[in-house]
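Structure file work06.cif with mmCIF, C-alpha atoms:
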```cif
data_coords
loop_
_atom_site.label_atom_id
_atom_site.label_comp_id
_atom_site.auth_asym_id
_atom_site.auth_seq_id
_atom_site.Cartn_x
_atom_site.Cartn_y
_atom_site.Cartn_z
CA MET A 1 26.43 -54.72 2.00
CA ALA A 2 28.64 -51.77 3.00
CA VAL A 3 29.96 -51.45 6.53
CA ASP A 4 28.17 -49.11 8.95
CA ALA A 5 29.65 -45.55 8.83
CA ASP A 6 30.35 -45.41 12.58
CA ARG A 7 32.12 -48.78 12.54
CA PHE A 8 34.19 -47.68 9.54
CA ARG A 9 35.09 -44.36 11.24
CA ASP A 10 36.15 -46.21 14.43
CA ALA A 11 38.29 -48.65 12.45
CA VAL A 12 40.16 -46.05 10.38
CA ALA A 13 40.71 -43.90 13.49
CA ARG A 14 43.12 -46.63 14.64
CA PHE A 15 45.45 -45.86 11.71
CA ALA A 16 48.12 -43.46 12.92
CA SER A 17 49.00 -40.78 10.40
CA GLY A 18 51.13 -37.73 10.12
CA VAL A 19 49.45 -34.35 10.26
CA ALA A 20 49.76 -31.88 7.41
CA VAL A 21 48.33 -28.51 6.48
CA VAL A 22 47.39 -28.14 2.82
CA THR A 23 47.48 -24.55 1.63
CA THR A 24 46.70 -22.56 -1.48
CA ARG A 25 46.53 -18.99 -2.69
CA GLY A 26 43.50 -17.71 -4.56
CA ALA A 27 41.82 -14.49 -5.61
CA GLU A 28 40.49 -14.04 -2.06
CA GLY A 29 43.88 -14.63 -0.41
CA LEU A 30 45.55 -17.47 1.46
CA HIS A 31 43.77 -20.58 2.66
CA GLY A 32 44.79 -23.67 4.65
CA LEU A 33 43.25 -26.89 5.95
CA THR A 34 44.56 -29.57 8.32
CA VAL A 35 44.51 -33.03 6.74
CA SER A 36 45.58 -36.53 7.67
CA SER A 37 44.83 -38.04 4.26
CA PHE A 38 48.05 -37.10 2.47
CA CYS A 39 50.63 -39.44 1.00
CA ALA A 40 53.39 -39.84 -1.53
CA LEU A 41 52.15 -41.32 -4.79
CA SER A 42 55.14 -41.58 -7.15
CA LEU A 43 58.87 -40.95 -7.21
CA GLN A 44 59.15 -40.50 -10.99
CA PRO A 45 57.61 -38.05 -11.48
CA PRO A 46 57.40 -36.87 -7.87
CA LEU A 47 53.68 -36.93 -7.06
CA VAL A 48 51.65 -36.63 -3.86
CA LEU A 49 47.95 -36.85 -3.18
CA VAL A 50 45.63 -35.17 -0.73
CA CYS A 51 41.97 -35.97 -0.10
CA ILE A 52 39.60 -33.10 0.70
CA ASP A 53 35.86 -33.21 1.44
CA ARG A 54 34.19 -32.20 -1.82
CA LEU A 55 31.91 -29.77 0.05
CA ALA A 56 34.82 -27.98 1.75
CA GLN A 57 35.81 -24.54 0.51
CA SER A 58 39.37 -25.83 0.23
CA ALA A 59 38.41 -28.22 -2.58
CA ASP A 60 37.14 -25.39 -4.77
CA LEU A 61 40.10 -23.18 -3.95
CA ILE A 62 42.71 -25.83 -4.78
CA ALA A 63 40.96 -26.67 -8.05
CA ALA A 64 40.82 -22.99 -9.03
CA SER A 65 44.40 -22.16 -8.03
CA GLY A 66 46.11 -24.96 -9.94
CA GLY A 67 48.54 -25.62 -7.11
CA PHE A 68 48.91 -26.27 -3.41
CA GLY A 69 51.44 -26.55 -0.63
CA VAL A 70 51.80 -29.26 2.00
CA SER A 71 53.45 -28.63 5.36
CA VAL A 72 54.09 -31.75 7.47
CA LEU A 73 53.73 -30.62 11.07
CA GLY A 74 56.17 -31.12 13.90
CA GLY A 75 55.17 -31.89 17.48
CA ARG A 76 55.23 -28.26 18.55
CA GLN A 77 52.75 -27.24 15.86
CA GLN A 78 49.58 -28.75 17.32
CA LEU A 79 48.11 -25.28 17.77
CA LEU A 80 48.42 -24.75 14.01
CA ALA A 81 46.82 -28.15 13.36
CA ASP A 82 43.86 -27.12 15.52
CA ARG A 83 43.61 -23.66 13.96
CA PHE A 84 43.60 -24.95 10.38
CA ALA A 85 41.10 -27.66 11.39
CA GLY A 86 38.76 -24.93 12.65
CA ARG A 87 39.15 -25.96 16.31
CA GLY A 88 41.23 -23.00 17.45
CA PRO A 89 41.46 -19.28 16.83
CA LEU A 90 40.73 -18.86 13.15
CA VAL A 91 43.50 -18.05 10.73
CA ASN A 92 42.54 -15.13 8.55
CA ARG A 93 43.38 -14.76 4.88
CA ARG A 94 46.59 -12.91 5.68
CA PHE A 95 47.66 -15.76 7.98
CA ASP A 96 48.28 -13.22 10.77
CA GLY A 97 50.58 -14.67 13.41
CA VAL A 98 51.40 -17.74 11.32
CA PRO A 99 55.04 -17.92 10.22
CA TYR A 100 55.13 -18.93 6.55
CA PHE A 101 57.04 -18.50 3.32
CA VAL A 102 56.19 -19.14 -0.32
CA ALA A 103 57.89 -21.19 -3.02
CA ARG A 104 57.04 -21.56 -6.71
CA SER A 105 53.24 -21.97 -6.58
CA GLY A 106 52.71 -19.03 -4.25
CA ALA A 107 50.95 -21.24 -1.70
CA PRO A 108 51.99 -20.46 1.87
CA LEU A 109 54.24 -23.08 3.47
CA LEU A 110 54.49 -23.20 7.27
CA ARG A 111 57.86 -22.42 8.81
CA ASP A 112 59.35 -24.85 11.34
CA SER A 113 57.47 -27.82 9.87
CA LEU A 114 59.09 -31.24 9.50
CA ALA A 115 58.88 -31.00 5.72
CA TRP A 116 57.21 -28.99 3.00
CA LEU A 117 56.20 -29.65 -0.59
CA ASP A 118 55.16 -27.11 -3.20
CA CYS A 119 52.94 -28.68 -5.88
CA THR A 120 51.36 -28.04 -9.24
CA LEU A 121 47.91 -29.62 -9.53
CA VAL A 122 48.03 -32.36 -12.19
CA GLY A 123 44.93 -34.41 -11.37
CA GLU A 124 41.56 -34.23 -9.68
CA HIS A 125 39.52 -37.40 -9.13
CA PRO A 126 36.22 -38.14 -7.39
CA GLY A 127 36.51 -40.32 -4.30
CA GLY A 128 33.09 -40.75 -2.70
CA ASP A 129 32.41 -37.69 -0.58
CA HIS A 130 35.98 -36.45 -1.15
CA VAL A 131 38.09 -35.18 -4.04
CA ILE A 132 41.53 -36.71 -4.57
CA PHE A 133 43.98 -34.03 -5.68
CA VAL A 134 47.24 -35.15 -7.27
CA GLY A 135 50.12 -32.70 -7.21
CA GLN A 136 53.48 -32.79 -8.94
CA VAL A 137 56.11 -31.69 -6.47
CA GLU A 138 58.02 -28.71 -7.87
CA ALA A 139 60.01 -27.88 -4.73
CA ALA A 140 60.52 -29.54 -1.34
CA GLY A 141 62.46 -29.11 1.86
CA THR A 142 62.88 -30.38 5.39
CA GLY A 143 63.00 -28.68 8.75
CA ALA A 144 64.74 -29.34 12.03
CA ALA A 145 61.77 -30.16 14.29
CA SER A 146 62.62 -32.59 17.08
CA THR A 147 59.23 -34.35 17.21
CA ALA A 148 56.59 -35.36 14.69
CA LEU A 149 52.90 -34.63 15.18
CA VAL A 150 50.74 -37.72 14.61
CA TYR A 151 47.00 -38.28 14.75
CA TRP A 152 45.68 -41.53 16.22
CA ASN A 153 42.28 -42.50 17.57
CA ARG A 154 40.96 -38.92 17.24
CA ALA A 155 43.79 -37.29 19.20
CA PHE A 156 47.19 -35.70 18.55
CA TYR A 157 50.43 -37.22 19.86
CA ARG A 158 54.08 -36.26 19.62
CA LEU A 159 56.46 -38.81 18.21
CA PRO A 160 60.19 -38.30 18.83
CA VAL A 161 62.27 -37.88 15.71
CA GLU A 162 65.64 -39.61 15.77
CA THR A 163 68.31 -37.96 13.66
#
```
Final structure tokens representation of the file:
Amino acid sequence: MAVDADRFRDAVARFASGVAVVTTRGAEGLHGLTVSSFCALSLQPPLVLVCIDRLAQSADLIAASGGFGVSVLGGRQQLLADRFAGRGPLVNRRFDGVPYFVARSGAPLLRDSLAWLDCTLVGEHPGGDHVIFVGQVEAAGTGAASTALVYWNRAFYRLPVET
């Protein structure tokens, strides 16, 4: 028998994770979504995966675009995490007021993030009520943020970064 959904949600909320914004560019413009289910998958070739609710607009847009960007957020970027999660002032398709740049895929990558990855979509797999997108990293970089933004027990925290 499967575990109760509320008990499962409470248990996985205790897993601290980094916070990232997954972005893409489509026919209708730019799009982004805050995620905590992102991780490195392989070093050779360099692969990452992101999990997106299959009913979310982002899932369709990533599948159609053939690529996506990942911006790992620093501690001072909580406002962006909230905005791209739909909990703050909405970000329009032009990303007004959001500092970004583009790399190879054309997906917007957020400036001042801890790290960024520009990916070509190489796999799409069902995962229950989510879609697992696998991206091959075509370009990557790091920023100079002094704190990391982490998500634990349904809240954001800042974690100092030692350099």
message: Within 8 Å of (55.5, -33.3, -3.4) in the file's own coordinates, which protein, DNA or RNA residues have an atom, counting all atoms listed in the file? List them as a PyMOL selection string.
response: chain A and resi 40+46-48+70+116-119+135-140
query: Which value, in Å to one decimal, gives the distance between atom CA of Ser42 of chain A and atom CA of Glu124 of chain A?
result: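 Interatomic distance here is 15.6 Å.
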Per residue of segment 98-144 of chain A within 7 Å of segment 53-67 of chain A, record the nearest atom pair and its distance in Å to one decimal, counting all atoms listed in the file, with rows in chain order and ascending residue number, as CSV.
```
residue,atom,partner,partner_atom,distance
A:Ser105,CA,A:Gly67,CA,6.0
A:Cys119,CA,A:Gly67,CA,5.5
A:Thr120,CA,A:Gly67,CA,4.3
A:Leu121,CA,A:Gly67,CA,4.7
A:Asp129,CA,A:Arg54,CA,5.9
A:His130,CA,A:Asp53,CA,4.1
A:Val131,CA,A:Arg54,CA,5.4
```
- request: Can you work out which one of A:Ala11, A:Tyr151, A:Ile132, A:Arg76 has the shortest atom-to-atom distance to Thr34 of chain A, counting all atoms listed in the file?
  value: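 Result for the nearest residue to Thr34 of chain A: A:Tyr151.
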Centre and edge lengths, as lines of an AutoDock Vina configuration file, for the axis-aligned box enclosing every listed atom of segment 76-87 of chain A with 5 Å of padding on each of the six sides, in Å to one decimal?
```
center_x = 47.0
center_y = -26.2
center_z = 14.5
size_x = 26.5
size_y = 15.1
size_z = 18.2
```
- line: What separates atom CA of Gly26 of chain A and atom CA of Leu109 of chain A is a distance of 14.4 Å
field: Interatomic distance, atom CA of Cys51 of chain A to atom CA of Val98 of chain A (Å, one decimal)
entry: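 For atom CA of Cys51 of chain A relative to atom CA of Val98 of chain A, the distance reads 23.5 Å.
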- request: Decode the PyMOL selection byres ((chain A and resi 111) around 12) for the given file into explicit residues and return them as a count of residues only.
  value: 30
field: Nearest to Thr23 of chain A by atom-to-atom distance, counting all atoms listed in the file, from A:Gly123, A:Gly75, A:Gly106, A:Pro89
entry: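 Going through A:Gly123, A:Gly75, A:Gly106, A:Pro89 one by one, the smallest distance to Thr23 of chain A is for A:Gly106.
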message: From the options A:Val50, A:Ala85, A:Val22, A:Ala107, which residue's atoms come nearest to Pro126 of chain A, counting only C-alpha atoms?
response: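 Smallest separation from Pro126 of chain A among the options: A:Val50.
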message: Taking all atoms listed in the file into account, name the residue in A:Val134, A:Pro45, A:Val19, A:Asp10 that is nearest to Val122 of chain A.
response: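 Closest candidate: A:Val134.
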task: Give the answer as one residue: which of A:Glu28, A:Phe133, A:Pro160, A:His125 has the shortest atom-to-atom distance to Ser146 of chain A, using all atoms listed in the file?
output: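 The closest residue to Ser146 of chain A is A:Pro160.
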field: Among the residues A:Ser36, A:Gln44, A:Asn92, A:Thr24, the one that comes closest to Phe156 of chain A [using only C-alpha atoms]
entry: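 Selected residue with least distance to Phe156 of chain A: A:Ser36.
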message: When the PyMOL selection byres ((chain A and resi 157) around 10) is applied to the structure above, which residues does it catch, written out as a PyMOL selection string?
response: chain A and resi 16+18+75+78+147-156+158-160
